[in-house]
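Quick look at start-v6.tsv (TSV, C-alpha atoms and all ligand atoms):
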```
chain	number	residue	atom	x	y	z
N	9	MET	CA	-76.95	-122.29	-39.08
N	10	ILE	CA	-75.25	-124.93	-41.21
N	11	ASN	CA	-76.33	-127.54	-38.67
N	12	ALA	CA	-79.96	-126.48	-38.89
N	13	TRP	CA	-79.70	-126.60	-42.62
N	14	LEU	CA	-78.09	-130.05	-42.49
N	15	ASP	CA	-80.89	-131.22	-40.20
N	16	LEU	CA	-83.30	-130.09	-42.84
N	17	VAL	CA	-81.66	-131.94	-45.71
N	18	HIS	CA	-80.22	-134.88	-43.79
N	19	GLY	CA	-81.86	-138.08	-44.84
N	20	GLY	CA	-84.03	-136.17	-47.25
N	21	GLY	CA	-81.74	-135.51	-50.15
N	22	CYS	CA	-78.50	-134.16	-51.53
N	23	VAL	CA	-76.27	-132.36	-49.00
N	24	GLY	CA	-75.07	-130.09	-51.81
N	25	CYS	CA	-78.34	-128.84	-53.32
N	26	ALA	CA	-81.16	-130.50	-51.27
N	27	LEU	CA	-82.45	-132.35	-54.34
N	28	PRO	CA	-84.66	-135.15	-52.96
N	29	GLY	CA	-83.17	-138.61	-53.18
N	30	ARG	CA	-79.56	-139.56	-52.62
N	31	SER	CA	-77.29	-137.88	-50.08
N	32	LEU	CA	-75.20	-136.69	-53.03
N	33	CYS	CA	-76.90	-136.15	-56.37
N	34	ARG	CA	-75.24	-136.85	-59.68
N	35	ALA	CA	-74.75	-133.17	-60.54
N	36	CYS	CA	-73.05	-132.40	-57.21
N	37	ARG	CA	-70.96	-135.55	-57.52
N	38	ASN	CA	-69.76	-134.29	-60.90
N	39	ASP	CA	-68.83	-130.99	-59.24
N	40	LEU	CA	-66.35	-132.65	-56.88
N	41	PRO	CA	-62.69	-131.68	-57.35
N	42	ARG	CA	-60.79	-133.81	-59.82
N	43	ARG	CA	-57.31	-132.94	-58.71
N	44	ALA	CA	-55.53	-131.78	-55.58
N	45	ASN	CA	-53.07	-129.01	-54.88
N	46	ALA	CA	-50.18	-128.42	-52.54
N	47	VAL	CA	-51.39	-126.20	-49.71
N	48	ARG	CA	-49.76	-124.55	-46.71
N	49	PRO	CA	-51.33	-123.06	-43.58
N	50	THR	CA	-50.30	-119.48	-42.76
N	51	PRO	CA	-48.62	-119.27	-40.35
N	52	CYS	CA	-47.28	-122.78	-40.79
N	53	PRO	CA	-46.18	-124.91	-37.81
N	54	ASP	CA	-42.40	-125.48	-37.86
N	55	GLY	CA	-41.38	-128.59	-39.73
N	56	LEU	CA	-44.85	-129.52	-41.02
N	57	ALA	CA	-44.59	-132.04	-43.87
N	58	ALA	CA	-45.80	-131.16	-47.37
N	59	CYS	CA	-49.60	-130.76	-47.40
N	60	PHE	CA	-52.08	-131.55	-50.16
N	61	ALA	CA	-55.81	-130.84	-50.29
N	62	ALA	CA	-58.38	-131.46	-52.98
N	63	GLY	CA	-60.42	-128.32	-52.41
N	64	GLU	CA	-61.39	-125.44	-50.21
N	65	TYR	CA	-63.34	-126.05	-47.00
N	66	ASP	CA	-66.47	-124.39	-48.26
N	67	GLY	CA	-69.73	-125.12	-50.07
N	68	LEU	CA	-70.22	-128.72	-51.14
N	69	LEU	CA	-67.08	-130.19	-49.55
N	70	ARG	CA	-67.86	-128.54	-46.22
N	71	ALA	CA	-71.46	-129.77	-46.30
N	72	MET	CA	-70.30	-133.31	-47.10
N	73	ILE	CA	-67.66	-133.36	-44.37
N	74	LEU	CA	-70.07	-132.03	-41.74
N	75	SER	CA	-72.94	-134.30	-42.71
N	76	HIS	CA	-70.67	-137.34	-42.70
N	77	LYS	CA	-69.01	-136.42	-39.41
N	78	GLU	CA	-71.86	-134.91	-37.40
N	79	HIS	CA	-74.82	-136.82	-38.79
N	80	GLY	CA	-73.21	-140.12	-39.68
N	81	THR	CA	-74.23	-139.97	-43.34
N	82	PHE	CA	-72.09	-143.00	-44.12
N	83	SER	CA	-73.02	-143.04	-47.81
N	84	LEU	CA	-70.81	-139.94	-48.16
N	85	ALA	CA	-67.69	-141.86	-47.08
N	86	THR	CA	-67.16	-143.22	-50.58
N	87	PRO	CA	-67.30	-139.86	-52.43
N	88	LEU	CA	-65.26	-138.22	-49.65
N	89	GLY	CA	-62.74	-141.04	-49.96
N	90	ARG	CA	-62.60	-140.44	-53.69
N	91	VAL	CA	-61.78	-136.76	-53.08
N	92	LEU	CA	-59.20	-137.65	-50.42
N	93	ALA	CA	-57.65	-140.10	-52.89
N	94	GLN	CA	-56.90	-137.14	-55.18
N	95	ALA	CA	-54.85	-135.52	-52.43
N	96	VAL	CA	-53.03	-138.78	-51.71
N	97	ARG	CA	-52.31	-139.30	-55.40
N	98	ALA	CA	-50.77	-135.83	-55.59
N	99	ALA	CA	-48.59	-136.61	-52.56
N	100	ILE	CA	-47.19	-140.07	-53.21
N	101	ASP	CA	-44.58	-141.73	-55.36
N	102	PRO	CA	-46.67	-144.35	-57.22
N	103	HIS	CA	-43.71	-146.76	-57.25
N	104	VAL	CA	-43.41	-146.89	-53.46
N	105	PRO	CA	-45.91	-148.82	-51.30
N	106	THR	CA	-47.80	-146.33	-49.17
N	107	VAL	CA	-49.41	-146.56	-45.76
N	108	LEU	CA	-52.27	-144.16	-45.09
N	109	ILE	CA	-52.51	-143.16	-41.44
N	110	PRO	CA	-55.83	-141.60	-40.38
N	111	VAL	CA	-55.54	-138.77	-37.88
N	112	PRO	CA	-57.48	-140.15	-34.90
N	113	SER	CA	-60.68	-138.49	-33.76
N	114	ARG	CA	-61.02	-137.50	-30.13
N	115	ALA	CA	-62.32	-140.41	-28.06
N	116	ALA	CA	-65.31	-138.34	-26.91
N	117	VAL	CA	-66.21	-137.65	-30.55
N	118	VAL	CA	-66.07	-141.33	-31.46
N	119	ARG	CA	-68.24	-142.14	-28.43
N	120	THR	CA	-70.91	-139.52	-29.05
N	121	ARG	CA	-71.04	-139.81	-32.84
N	122	GLY	CA	-70.60	-143.57	-32.89
N	123	HIS	CA	-68.09	-143.62	-35.71
N	124	ALA	CA	-64.58	-142.58	-36.67
N	125	PRO	CA	-65.22	-140.42	-39.75
N	126	VAL	CA	-61.61	-139.92	-40.84
N	127	LEU	CA	-60.84	-143.65	-40.61
N	128	ARG	CA	-63.93	-144.40	-42.68
N	129	MET	CA	-63.02	-141.98	-45.48
N	130	THR	CA	-59.36	-143.04	-45.40
N	131	ARG	CA	-60.40	-146.65	-45.98
N	132	ALA	CA	-62.60	-145.50	-48.87
N	133	ALA	CA	-59.66	-143.56	-50.33
N	134	ALA	CA	-57.43	-146.64	-50.08
N	135	ARG	CA	-60.02	-148.76	-51.91
N	136	ARG	CA	-60.18	-146.16	-54.65
N	137	LEU	CA	-56.39	-146.00	-54.98
N	138	ARG	CA	-55.99	-149.79	-54.99
N	139	GLY	CA	-58.62	-149.91	-57.74
N	140	GLY	CA	-56.32	-147.62	-59.72
N	141	GLY	CA	-53.37	-149.95	-59.21
N	142	HIS	CA	-51.67	-148.17	-56.30
N	143	ARG	CA	-50.13	-150.22	-53.50
N	144	VAL	CA	-51.85	-148.55	-50.57
N	145	SER	CA	-52.90	-149.82	-47.16
N	146	VAL	CA	-54.41	-148.23	-44.07
N	147	ILE	CA	-52.90	-148.67	-40.63
N	148	GLU	CA	-54.35	-147.04	-37.52
N	149	LEU	CA	-50.94	-146.15	-36.15
N	150	LEU	CA	-52.07	-143.25	-34.00
N	151	GLU	CA	-54.32	-142.94	-31.00
N	152	GLN	CA	-55.50	-140.06	-28.87
N	153	ARG	CA	-54.07	-139.86	-25.40
N	154	GLY	CA	-56.52	-138.50	-22.87
N	155	GLU	CA	-59.03	-135.83	-23.61
N	156	VAL	CA	-58.32	-132.74	-25.67
N	157	HIS	CA	-60.46	-129.64	-25.43
N	158	ASP	CA	-62.41	-128.60	-28.48
N	159	GLN	CA	-60.18	-126.74	-30.92
N	160	ALA	CA	-62.84	-124.44	-32.28
N	161	GLY	CA	-62.15	-120.78	-31.60
N	162	LEU	CA	-58.56	-121.29	-30.45
N	163	SER	CA	-55.69	-119.38	-32.05
N	164	ALA	CA	-52.96	-121.31	-33.85
N	165	GLY	CA	-50.59	-121.02	-30.87
N	166	LYS	CA	-53.21	-122.16	-28.38
N	167	ARG	CA	-54.23	-125.05	-30.63
N	168	SER	CA	-50.65	-126.19	-30.72
N	169	ALA	CA	-50.26	-125.98	-26.91
N	170	ASN	CA	-53.61	-127.75	-26.45
N	171	LEU	CA	-52.49	-130.61	-28.68
N	172	THR	CA	-48.85	-131.28	-27.85
N	173	GLY	CA	-48.53	-134.77	-26.42
N	174	SER	CA	-52.16	-135.58	-27.21
N	175	MET	CA	-51.34	-138.30	-29.76
N	176	ALA	CA	-49.21	-141.41	-29.51
N	177	VAL	CA	-48.23	-144.34	-31.71
N	178	ARG	CA	-50.06	-147.57	-30.87
N	179	PRO	CA	-47.36	-150.08	-29.88
N	180	THR	CA	-49.00	-153.10	-31.54
N	181	ALA	CA	-49.44	-151.28	-34.84
N	182	ARG	CA	-45.87	-149.99	-34.62
N	183	ALA	CA	-44.56	-153.54	-34.08
N	184	ALA	CA	-46.57	-154.84	-37.05
N	185	LEU	CA	-45.12	-152.07	-39.21
N	186	ALA	CA	-41.58	-152.88	-38.04
N	187	ARG	CA	-42.02	-156.50	-39.17
N	188	THR	CA	-42.65	-155.44	-42.78
N	189	ASP	CA	-39.33	-155.26	-44.56
N	190	LEU	CA	-40.63	-152.98	-47.31
N	191	LEU	CA	-39.54	-149.42	-47.54
N	192	LEU	CA	-42.91	-147.82	-46.92
N	193	SER	CA	-43.99	-144.28	-47.45
N	194	LEU	CA	-46.22	-142.87	-44.68
N	195	VAL	CA	-48.97	-140.38	-45.45
N	196	LEU	CA	-51.27	-138.76	-42.90
N	197	CYS	CA	-54.96	-138.38	-43.78
N	198	ASP	CA	-57.50	-135.99	-42.28
N	199	ASP	CA	-60.72	-134.28	-43.31
N	200	VAL	CA	-59.76	-130.59	-43.01
N	201	LEU	CA	-56.46	-128.72	-42.79
N	202	THR	CA	-56.93	-125.53	-40.78
N	203	THR	CA	-53.90	-124.27	-38.83
N	204	GLY	CA	-51.91	-127.47	-39.35
N	205	ALA	CA	-51.59	-127.95	-35.56
N	206	THR	CA	-53.42	-131.30	-35.53
N	207	ALA	CA	-51.40	-132.63	-38.46
N	208	ARG	CA	-48.19	-131.41	-36.85
N	209	GLU	CA	-49.03	-133.21	-33.60
N	210	ALA	CA	-49.75	-136.44	-35.52
N	211	GLN	CA	-46.44	-136.02	-37.35
N	212	ARG	CA	-44.61	-135.39	-34.05
N	213	ALA	CA	-45.98	-138.62	-32.54
N	214	LEU	CA	-44.83	-140.62	-35.57
N	215	GLU	CA	-41.42	-138.98	-35.64
N	216	ASP	CA	-40.92	-139.62	-31.93
N	217	SER	CA	-41.43	-143.26	-32.81
N	218	GLY	CA	-38.77	-143.08	-35.52
N	219	LEU	CA	-41.18	-142.81	-38.44
N	220	ARG	CA	-40.84	-140.23	-41.19
N	221	VAL	CA	-43.96	-138.66	-42.66
N	222	ARG	CA	-43.94	-138.04	-46.38
N	223	ALA	CA	-47.02	-135.82	-46.54
N	224	VAL	CA	-50.26	-134.64	-44.98
N	225	THR	CA	-53.34	-135.10	-47.16
N	226	THR	CA	-56.84	-133.76	-46.56
N	227	VAL	CA	-60.16	-133.52	-48.36
N	228	ALA	CA	-60.21	-129.75	-47.88
N	229	ALA	CA	-58.20	-126.83	-46.54
N	230	THR	CA	-59.52	-123.61	-45.05
N	231	ARG	CA	-58.56	-120.44	-46.82
N	232	LYS	CA	-56.78	-118.09	-44.47
N	233	ARG	CA	-58.79	-114.92	-44.18
N	234	VAL	CA	-56.94	-112.13	-42.50
N	235	ILE	CA	-59.43	-109.78	-40.89
N	236	PRO	CA	-58.04	-106.75	-39.04
N	237	PRO	CA	-59.41	-106.89	-35.46
N	238	GLU	CA	-61.15	-103.50	-35.71
N	239	ARG	CA	-62.98	-104.66	-38.84
N	240	ALA	CA	-64.06	-107.90	-37.18
N	241	LEU	CA	-66.33	-105.96	-34.81
N	242	PRO	CA	-69.79	-105.48	-36.25
N	243	LEU	CA	-70.47	-101.84	-37.13
N	244	SER	CA	-68.86	-100.07	-34.20
N	245	GLY	CA	-69.32	-96.81	-36.06
N	246	SER	CA	-65.94	-95.46	-34.96
N	247	ALA	CA	-63.60	-96.77	-37.66
N	248	ASP	CA	-63.55	-95.69	-41.33
F	301	ZN	ZN	-76.90	-132.06	-55.35
```
Conversion result in structure tokens:
Amino acid sequence: MINAWLDLVHGGGCVGCALPGRSLCRACRNDLPRRANAVRPTPCPDGLAACFAAGEYDGLLRAMILSHKEHGTFSLATPLGRVLAQAVRAAIDPHVPTVLIPVPSRAAVVRTRGHAPVLRMTRAAARRLRGGGHRVSVIELLEQRGEVHDQAGLSAGKRSANLTGSMAVRPTARAALARTDLLLSLVLCDDVLTTGATAREAQRALEDSGLRVRAVTTVAATRKRVIPPERALPLSGSAD
């Protein structure tokens, strides 16, 4: 349904309120989160680095992320980057140079959608942070290895099994990083934190290459809603 709705408003106005004109109107822009919080998936994958998100994956943020990712509404990259920058700011030590590492999109996604949405918003976040005096750069350290099945509808355990070994560090980027003699802080960037399985796999690939991850930062995080299985069935008439 959200896709049909996005089709309706895409190109024709604000993704938040459908006001004709810009893809994000001034009022909705002013509604964007101004600070980020530490978040944690439940259950949390073992050893996952500290996570920070600027808001909940709902409403305006969800509409912006989907429109940018699915419909290539590139004008949303800058406001999304601004929101992501809040999460990065909450995660970093401002005195230490920081490298933002976008979590890579699946190759099939990049092919069919024609862009790498997380890379685009990570670059926008870095511009925002540099404008505020932070020493931040973006390095595409990670790549997808082979094809991964769509994650939607998989449980946390199945997501993790589906993903293990799916990411690797790009050797040329790793070599370039090794040549810098600065003590850099590495921060992962993604659009949404759900179960943490994707972030954990990205972290594993970096750690296997001898790199420590300071934090995982995302625009939004899903709120864990625990629904008892019998309640999840629509009106069976037997329970309660
Ligand atoms: Zn609006």
Coordinates-based distance that separates atom CA of N:Arg138 from atom CA of N:Gly80 (Å, one decimal):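 We find that atom CA of N:Gly80 and atom CA of N:Arg138 lie 25.0 Å from each other.
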Contacts with ligand ZN 301 (chain F) at most 6 Å, all atoms listed in the file counted, listed as a ChimeraX atom specification: /N:22,24-25,27,32-33,35-36
Given all atoms listed in the file, how would the per-residue table for stretch 111-220 of chain N near stretch 82-88 of chain N read, listing every residue at most 9 Å away with its closest atom pair and distance in Å to one decimal, sorted by chain and number, as JSON lines?
```
{"residue": "N:Pro125", "atom": "CA", "partner": "N:Ala85", "partner_atom": "CA", "distance": 7.9}
{"residue": "N:Val126", "atom": "CA", "partner": "N:Ala85", "partner_atom": "CA", "distance": 8.9}
{"residue": "N:Arg128", "atom": "CA", "partner": "N:Ala85", "partner_atom": "CA", "distance": 6.3}
{"residue": "N:Met129", "atom": "CA", "partner": "N:Ala85", "partner_atom": "CA", "distance": 4.9}
{"residue": "N:Thr130", "atom": "CA", "partner": "N:Ala85", "partner_atom": "CA", "distance": 8.6}
{"residue": "N:Arg131", "atom": "CA", "partner": "N:Ala85", "partner_atom": "CA", "distance": 8.8}
{"residue": "N:Ala132", "atom": "CA", "partner": "N:Thr86", "partner_atom": "CA", "distance": 5.4}
{"residue": "N:Ala133", "atom": "CA", "partner": "N:Thr86", "partner_atom": "CA", "distance": 7.5}
{"residue": "N:Arg136", "atom": "CA", "partner": "N:Thr86", "partner_atom": "CA", "distance": 8.6}
{"residue": "N:Asp199", "atom": "CA", "partner": "N:Leu88", "partner_atom": "CA", "distance": 8.7}
```
Nearest to N:Ile147, chosen from N:Ala99, N:Ala207, N:Leu108, N:Leu214, with only C-alpha atoms counted in the distances: N:Leu108
Interatomic distance, atom CA of N:Leu171 to atom CA of N:Arg119 (Å, one decimal): 19.5 Å
Which residue of N:Ala205, N:Leu127, N:Ala62, N:Ala176 approaches N:Ala164 most closely, using all atoms listed in the file: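 Under the stated criterion, the closest residue is N:Ala205.
Here atom CA of N:Leu192 and atom CA of N:Val221 stand 10.2 Å from one another.
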Spatial neighbours of N:Ala223, max dist 9 Å, all atoms listed in the file, sep filter under 6 positions, as a ChimeraX atom specification: /N:56-60,96,99-100,194-197
Using only C-alpha atoms: which of N:Gly218, N:Ala183, N:Leu201, N:Ser145 has the shortest distance to N:Tyr65: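 Selected residue with least distance to N:Tyr65: N:Leu201.
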